[in-house]
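A quick write-up on the structure given underneath.
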Amino acid sequence: MTIHDHPDSPAGRDPAATGARKNLDLGKVRERLAGRSGKLFWRSLEEVAETPAFTEMIHREFPQLASEWSDDPDGVSRRRFLQLMSASVALGGLTACTRQPLEKIVPWVEQPEQIVPGLPLYYATAMELDGYAAPLLAESHMGRPTKIEGNPDHPASGGATDLFAQASVLDLYDPDRHQTVTELGRIRTWGALAARVSEQLAARESSGGLGLRVLTGPVTSPTVLRLIRTVLDEQGPRARWHQYSPLRSSAAVRAVRAVYGGDYVARFDLSKADRIVALDADLLTLGPAAVRYARQFAQRRRARAEGSDLNRLYAFETTPTSTGSIADHREAMSTAELSHLTAELAEAVRGGSASDPRVRAVAADLSAHRGRSLVVAGDQTPEAVQLLAHAINEELGNVGQTVLLGQADEGELVAGAESIAELVSDIDAGTVDMILILDGNPVFDAPADLELAAALQKIPQCIYLGSHDNETAQYCHWNLPLAHYLESWGDGLTLDGTATLTQPLIEPLYGGRTAAEVLSLFTAAGGRGGDTLLKETWRVRLDGDFETAWRRCLHDGLVAGTGRPVAAPVFDAESVARALEQIRSAPTADLELSFRPDPTILDGRFANNGWLQECPKPFTKLTWDNALLVSPARAEALGLDHEQLVELTVDGRALEVPVWIHPGQAEGTVTLHLGYGRTRAGRVGTGTGFAASRLRTTRHEWSAPVELRPTAGRYALASTQLHGNIETDRFQGDNLEGRTAEARHLIREATLEQFERQPDFPHHGGHGLDESLTLMPGYDYSDGHAWGMSVDLGSCTSCNACVIACQSENNIPVVGKDEVAKGREMHWIRIDRYYQGDLEDPDVHHQPVMCMHCEQAPCEVVCPVAATVHSDEGLNDMVYNRCVGTRYCANNCPYKVRRFNFFKYSDTETESLKMQRNPDVTVRTRGVMEKCSYCVQRISKARIEARKEDRRVLDGEVQTACQQACPTEAIVFGDLNDLESRVAKRKAEPHDYGILTELGTRPRTSYLAKVTNPNPGWPGTSGGTTEKGHHG
Amino acid sequence: MPQIFHRSTNTVARVSLFGAVFFIGVLGWVFVTLDRSSYATGQGVTIKQPVPFSHDHHTAGLGIDCRYCHTSVEVEAAAGIPPTATCMSCHKLIWNDSEMLAPIRASLATGEPIRWTRIHDLPDFVYFNHSIHVAKGVSCASCHGRVDQMPLIHQAESLHMEWCLDCHRNPERFLRPPDEVFNMAWETDDPETVGARLAAVNRIQPRIDCSTCHR
C-alpha cells in the first residue's frame, strides 16, 4: 500500500471513508455556543456539534484500534483468534532466543584530528531559504549531520530555529534526491556538461553572444551575485538574469518604491515596540526574520508577579495565523474590509476621524505610543495597504525606532512574477538560446497563465540544477544534482544584512554542486570548487591576515561587522492620497480566494519531507493535505460540510478541493495553502493535497475573485485535532457546563489587569487536591536533581519548531496519512489548539502537551512488566527493551501522551535514512510504547560530564530539543532542586499551574497561564473589564 | 457399555501430570542454563581476528599503557579502537616484514580499514559510558579481566544486566584510587574498607534507574 492514495484515484474519494462523519450542523453549533455564558473552550466543530465521529473518538484510546481485523469482511472467528494468539505467543517467545550476531569494529586508517568517535562536533553553517540565510549550528556524529540547532552567536537566531531548519536535515538524506547528472535521461558527467557549455559559449562568441538566461530565486549570496555579474558581463547584452519566487509579492516592492522612491528592506525591532498592529501579517512565524521577531516579541510578553512590561498586539486578518492567535485583539475580515480599515487608521493617526470604533481605539493607542509602536502589513496584502502601513509608521515616528530601513542589495528583492513574465515573452520572441535554472521549481509554482512548461520546450537548451527530479526537471534537457546546504560552501545575508557563511559537514552524497559552482562553469575562468569561489569573494573584503580572519568567520558562522546600514530615505507624502484613492475605487468580489504559504511545507519545496508533511498545521491540525479554508457562515450558507469537494473557478481555471470549515476565517475570503498538489515530488510528496498554484496567475498573485461550486464528491482528510482529547465528560443534552477543557482547567488565561489583581488566579476555582491524599509512597529527590519543565502559554505561537526538533532528536518515525487518520501519529509533542468564544472570530489558545513526568504516574502502576518506571530524578522512564506492548500505560494516561508503534514505523531499510538517526537514542521497533523522555540522553550526557568534574549539573547545561528550538523561549527545562534555575523561578510564579492535577498525578511539566493585555478602550468592553472573567 | 480407556490410562495420566510439571521445570532450567552459558554470553570465547593481536605481549611485556591505543576511554562513551596508523607508529620500524602484520600494512597501503570482530558487544539499546567509570575508579580489569594476561582477548565477564547491577548496587568491592585504574595488577588486602573510603572520597553515586543505560 502506498503511503497515500493519489487524490485523483477513486480510493482518495471513497465516500465510505468519510461515512462515519455525519453532516455538521453549524446551526446547532452556533446555538450551543451562543447559549453559553462565561468561558467556553472547544477544540473542534465536531466536538460542539457532538457528531458520531467525535463521540467515537473520545471513547476510544486509539480510534479504529481493532481495524486490522475489522477490515476483514468475514471478521475473525474464535478459532482463528486462538490460532493467531498461540502462534504469536510461541514465536514471540522464540524470537527472544536469538543469539546476538557478531559485529565488526571498523576503526580509521588514520584518525582525523579533533574527531573522537562518539563525541558529536558542532559546526556553524547556514541554510538558504527564499534567498536569505538562516544561521544554524549543525551537529555531526562521525561525519554524519544528524541535528540542526540555531546559531546562538548569531543575532538573527539566538539559538532558536524554525521548523524548516529543523526538518532540513531529513532533506539531506532524502533517497529521492537527484543522484547524477543526466542529459535527456542519459547519465552524463560534470565534465561532459562543462565541455558542452564552453563549446556553446565559444560557438556564439562571434555572433553577438549566446542568448543565455539565468533563472534564480532571490539572491543575497555575495558569491552567487558576483558570479552572475561575471557571467552577464562576459556574455554581453544577450545574456540576462531573471528571478522568481512564489513566496514574494510584487505589491511589497511596489509599495516601498511608491513611498520611498527606491528599493529598501524594512526590518523591525519588536523589543522597542509597545503597540503592534499586524495587518494580515504573520510576522512571528513566516518570513526571513520570523525567529528573531518571535523572540523579541516574546520577551515583551512575560507577565510576572514582580511586574510586567507587556506589549499589545492587534491583528486584523483574513485567515487565522499564529501571530493572530497570540494577539490581544484579533479581528477576522476580508481583504476589502482590511483595506478600508487601514485607510481609516491612516486618517485617524493623522488626526482625522474614523467611523469604526475599533479604528478609533487602535489609533488612540498608537498615537499615545509614538516612536514605540509598529504597524506591519503582510507582503500579500494589496499595495495600498502596505503603502499606508509605511505611511502610518512615518506619521507615528516609528521609522528609525521600531522600523529600520536599509538599501536592498541587487537580487535581494523579487517583485513577484514580473521578471519571469519577461522571460516567457522573450522565449516566445525566440531570443533565448539557453536557460540555466538554478534551484526552485518554477514549472510547478510560477503563475499558471505564463504556461512556463510550454515555454521551456521552445528553448534549445535547458539546464536545471535542482535537488529532485521534479516538475521543472522533466522539461529540461540537462538535470544537475544540487548540493544540499550541509554539503556546500556558500554565503548569504540575514535580513539585517549580516553576512552568514555556509560550510559543508559532509562530502556531497551524490556529487551535487552548488549554484555558485555551476555558474563558475559559465565563466571564462572555468569551473572551480565552492570553497575557492567563496574565498575569492571574501579575500578582498576581509581586513588583516586573511587565513586567520577567515577561520574566525567560519567558526562563528558569520562575518563580524557586516550589516545593513540604516537608511533614511525621503518619504513621499503624496503617495498616501493615491493609496487612499486606490482603496476607495478597488472592486470588491463576493468571494475572494487568498493564497498563503503552507505552514509546514511552505511553497512545496518541502513536499517530500515526511516530517513536515506529517506535522499538524497550527490551526486545522491537518496532515498530508491542504484544504480550502471556509468560514462557518459561508459554509452554512452554501450547505458545505467538512471534506466535501468543491470546484473553484478563477478566470476560467478550475480546481476541485475539499472544504475545511475554519472558525476565525473571514466571511468573504476562502484560503488555500500553496505547496500541495505536487505531481513529481518524490515518494513522500507526490499526490498529496491540491495544487493552489494552478489557480494563481500574474494578475492574481495572492488573492483572486473566485466562484465556488459545491460538488457531490468527498475527500478524506487526516486531521489530528480530535486526537488526544483530554476532556472526557460528555455533553449532557444541550448543557455545556461541567465538561470540556474549561471544567478541567486545561487552559487558564486572564487579562493583565486581572492578573495584577489576583496573580494566582489559576489556583482559584480549580479542582485542587490535597497532595497528602495518596496511598502511593513518595520519592525523595533532596540528594540529586529533580528535573522539571515549564511552558509559557502566553508566548506559544504554535510554530511547530519543537515538534520537528523532537522528531529529529528522538528518531521519531513518520507513519503516513492512513495511520494518522487512525490516530497513530508518533509525535511526542502535540500542540493542542483550543478555541474560545464564538464561531466566527474565536480566541485561540495553543497548549503544547508532552509527557508530564507525573510524580504519581498512572502509567507506572499498571505496567505488568515494569517497562515504565520512576527514576530517582523524577523522570518517568520508558524502557523499550522491557516493553511487551500491552498498552495499559497509554490507556491509563490521562494526558494521552503515549505513542504506540502499531507497526514497524521506523524505516530501517533505506540506507540513506539510517545516517540521519541520533545514535544516542534507540530506534524503536514494532510493539513498543514510547513517549517524551525529557531528552534523557542529553541529561545523561550532562550528568556524566558534571560528575567527572565533581560538580552539579549547571542550569542551562541540559536543554531539551524542544526548548532549544523554541523561538519564543516558551519552554524552559531544568533542575527544580536548584532554586536559582530558570525553571524553578518560573514555577514559583503565582500563575504557574498544572493540568489535571485533580487526579493527583502531580505533573512535573507545568504551564504559565496566558496573560493578555487587551485595550481597556476596545469597543464592547466597559470600564476596563472584559468578558474574560475567571471561572469559579 | 465397554470401557473406552484401559485401566493403565490412570497411570499414564498421573505420570503425564507429574511429567508436565517436571518437563516445564527442565525446560526452564535448560533455558536459564543456555542463557547463562558462554554460548549465549560469549564469556571466555576467543574469536579469530584479522591479526592475532596479543594484549599480554604489548601491555605486560612491553609496558604500553591502555590509553596509548584506547585513546578516548577517559573522555567519551567508547574507549576507542586504534586506527591503523597507531599500529604502524611502531611496526613501520620493528617487525615490519612479519607475515602476521601483513593485513596492517595492507590497510595502510590501500586505505581499507581493518575489520576487527567485536568482543565486548552490548545490545544496541544499552548505552554504556567508559569515561565516567574510569573517572570514578573502576578499573579496566574489573570488567575486562586481566587483559594483560590474555595473549588473545576474550570476554571475561557475562555482561548480563544483573552483573552490571551487582556493582551498581554495591560498588565498594570494585573501586580503586582513580590513578590506579590502568594498573591491571593493583590489589588491596581489604577491598571492602578501602572501597568504602574511596566511595565516600570520590563521591560514588552509581545509578540503578533504567534510563541510566536504556534510552
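In the C-alpha cells, each chain is lettered A, B, ... as it comes, each chain's residues begin at 1, and ligands are numbered from 1 in order of appearance.
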
Check: For chain B, which residues have at least one atom within 9 Å of chain A, if we go by only C-alpha atoms? Write them as number ranges by chain, please.
Finding: B: 31, 35, 39-41, 71-72, 75-86, 107-108, 111-119, 121, 123-127, 129, 131-132, 135-136, 202-203, 207-215

Next item on the list: Name all residues at most 10 Å from Asp179 in chain B (count only C-alpha atoms; drop same-chain ones fewer than 2 positions away) and give them as a list in words.
Entry: Val134, Ala135, Lys136, Gly137, Ser139, Arg176, Pro177, Val181, Phe182 and Asn183 of chain B

Give me the residues within 8 Å of Pro288 in chain A as a PDB file with C-alpha atoms, in the first residue's frame, counting only C-alpha atoms and dropping any in the same chain fewer than 2 places off.
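After the write, around.pdb holds the following:
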ATOM      1  CA  LEU A 129      15.540  29.823   2.448  1.00  0.00           C
ATOM      2  CA  ASP A 130      13.991  32.040  -0.188  1.00  0.00           C
ATOM      3  CA  TYR A 132      18.005  34.679   2.951  1.00  0.00           C
ATOM      4  CA  ALA A 133      20.365  32.778   5.211  1.00  0.00           C
ATOM      5  CA  ALA A 134      19.150  31.090   8.387  1.00  0.00           C
ATOM      6  CA  LEU A 286       6.744  33.439   8.370  1.00  0.00           C
ATOM      7  CA  ALA A 290      10.452  35.429  11.982  1.00  0.00           C
ATOM      8  CA  VAL A 291      12.648  33.624  14.512  1.00  0.00           C
ATOM      9  CA  THR A 494      20.164  37.581   7.020  1.00  0.00           C
ATOM     10  CA  LEU A 495      17.528  40.284   6.891  1.00  0.00           C
TER      11      LEU A 495
END

Check: Where does DSSP see alpha helix (DSSP H) in range 508-720 of chain A, if you list the residues as a PyMOL selection string?
Finding: chain A and resi 515-520+530-539+546-556+574-585+610-614+632-638

Same residues, C-alpha atoms, output as a PDB file, in the first residue's frame:
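So result-v4.pdb came out as:
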ATOM      1  CA  ALA A 515      24.607  27.244  -7.729  1.00  0.00           C
ATOM      2  CA  ALA A 516      27.919  29.114  -7.459  1.00  0.00           C
ATOM      3  CA  GLU A 517      29.889  26.118  -8.682  1.00  0.00           C
ATOM      4  CA  VAL A 518      27.597  25.634 -11.678  1.00  0.00           C
ATOM      5  CA  LEU A 519      27.739  29.339 -12.505  1.00  0.00           C
ATOM      6  CA  SER A 520      31.510  29.197 -12.495  1.00  0.00           C
ATOM      7  CA  GLY A 530      32.828  26.099  -3.791  1.00  0.00           C
ATOM      8  CA  ASP A 531      35.493  26.922  -1.211  1.00  0.00           C
ATOM      9  CA  THR A 532      37.695  28.593  -3.839  1.00  0.00           C
ATOM     10  CA  LEU A 533      34.794  30.694  -5.076  1.00  0.00           C
ATOM     11  CA  LEU A 534      33.832  31.663  -1.546  1.00  0.00           C
ATOM     12  CA  LYS A 535      37.358  32.693  -0.627  1.00  0.00           C
ATOM     13  CA  GLU A 536      37.673  34.690  -3.866  1.00  0.00           C
ATOM     14  CA  THR A 537      34.697  36.729  -2.714  1.00  0.00           C
ATOM     15  CA  TRP A 538      35.824  37.303   0.842  1.00  0.00           C
ATOM     16  CA  ARG A 539      39.587  37.661   0.335  1.00  0.00           C
ATOM     17  CA  PHE A 546      43.001  36.543   5.558  1.00  0.00           C
ATOM     18  CA  GLU A 547      43.517  32.979   6.794  1.00  0.00           C
ATOM     19  CA  THR A 548      43.234  33.980  10.466  1.00  0.00           C
ATOM     20  CA  ALA A 549      40.218  36.175   9.886  1.00  0.00           C
ATOM     21  CA  TRP A 550      38.621  33.549   7.666  1.00  0.00           C
ATOM     22  CA  ARG A 551      38.953  30.788  10.253  1.00  0.00           C
ATOM     23  CA  ARG A 552      37.314  33.058  12.811  1.00  0.00           C
ATOM     24  CA  CYS A 553      34.424  33.790  10.440  1.00  0.00           C
ATOM     25  CA  LEU A 554      33.882  30.095   9.669  1.00  0.00           C
ATOM     26  CA  HIS A 555      33.975  29.246  13.347  1.00  0.00           C
ATOM     27  CA  ASP A 556      31.414  31.916  14.195  1.00  0.00           C
ATOM     28  CA  GLU A 574       1.726  62.388  -1.774  1.00  0.00           C
ATOM     29  CA  SER A 575       1.648  58.666  -2.273  1.00  0.00           C
ATOM     30  CA  VAL A 576      -0.811  58.377   0.606  1.00  0.00           C
ATOM     31  CA  ALA A 577      -3.575  60.151  -1.239  1.00  0.00           C
ATOM     32  CA  ARG A 578      -3.091  57.835  -4.212  1.00  0.00           C
ATOM     33  CA  ALA A 579      -3.305  54.820  -1.917  1.00  0.00           C
ATOM     34  CA  LEU A 580      -6.494  56.061  -0.290  1.00  0.00           C
ATOM     35  CA  GLU A 581      -7.986  56.612  -3.714  1.00  0.00           C
ATOM     36  CA  GLN A 582      -6.941  53.111  -4.797  1.00  0.00           C
ATOM     37  CA  ILE A 583      -8.712  51.620  -1.805  1.00  0.00           C
ATOM     38  CA  ARG A 584     -11.869  53.622  -2.446  1.00  0.00           C
ATOM     39  CA  SER A 585     -12.041  52.546  -6.063  1.00  0.00           C
ATOM     40  CA  GLY A 610       7.915  13.336   5.720  1.00  0.00           C
ATOM     41  CA  TRP A 611       8.440  15.207   8.984  1.00  0.00           C
ATOM     42  CA  LEU A 612       6.903  18.370   7.602  1.00  0.00           C
ATOM     43  CA  GLN A 613       4.112  16.568   5.765  1.00  0.00           C
ATOM     44  CA  GLU A 614       3.045  14.850   8.950  1.00  0.00           C
ATOM     45  CA  PRO A 632     -18.540  28.827   9.130  1.00  0.00           C
ATOM     46  CA  ALA A 633     -21.016  31.443   7.897  1.00  0.00           C
ATOM     47  CA  ARG A 634     -20.191  30.840   4.248  1.00  0.00           C
ATOM     48  CA  ALA A 635     -20.200  27.080   4.772  1.00  0.00           C
ATOM     49  CA  GLU A 636     -23.616  27.312   6.338  1.00  0.00           C
ATOM     50  CA  ALA A 637     -24.937  29.496   3.541  1.00  0.00           C
ATOM     51  CA  LEU A 638     -23.692  27.094   0.887  1.00  0.00           C
TER      52      LEU A 638
END

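Excluding range 27-33 of chain A itself and any same-chain residue fewer than 6 positions from it, the protein and nucleic acid residues within 8 Å of it, counting only C-alpha atoms, are Leu40, Leu45, Val48, Ala49, Glu636, Asp734, Leu736, Gly837, Asp838 and Leu839 of chain A.
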
Item checked: Polymer residues at most 10 Å from Ala573 in chain A, only C-alpha atoms, same-chain spacing of 3 or more positions, as number ranges by chain -> A: 258-260, 391, 394-395, 570, 576-578

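CA of Pro618 in chain A to CA of Arg653 in chain A spans 29.3 Å [interatomic distance, one decimal].
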
Next item on the list: Could you jot down the CA of Met915 in chain A to CA of Pro175 in chain A separation for me, Å, one decimal place?
Entry: 11.4 Å

Margin query: Quick one: residues within 8 Å of Glu344 in chain A, only C-alpha atoms, excluding same-chain residues fewer than 3 positions away - as a count of residues only?
Written below: 9
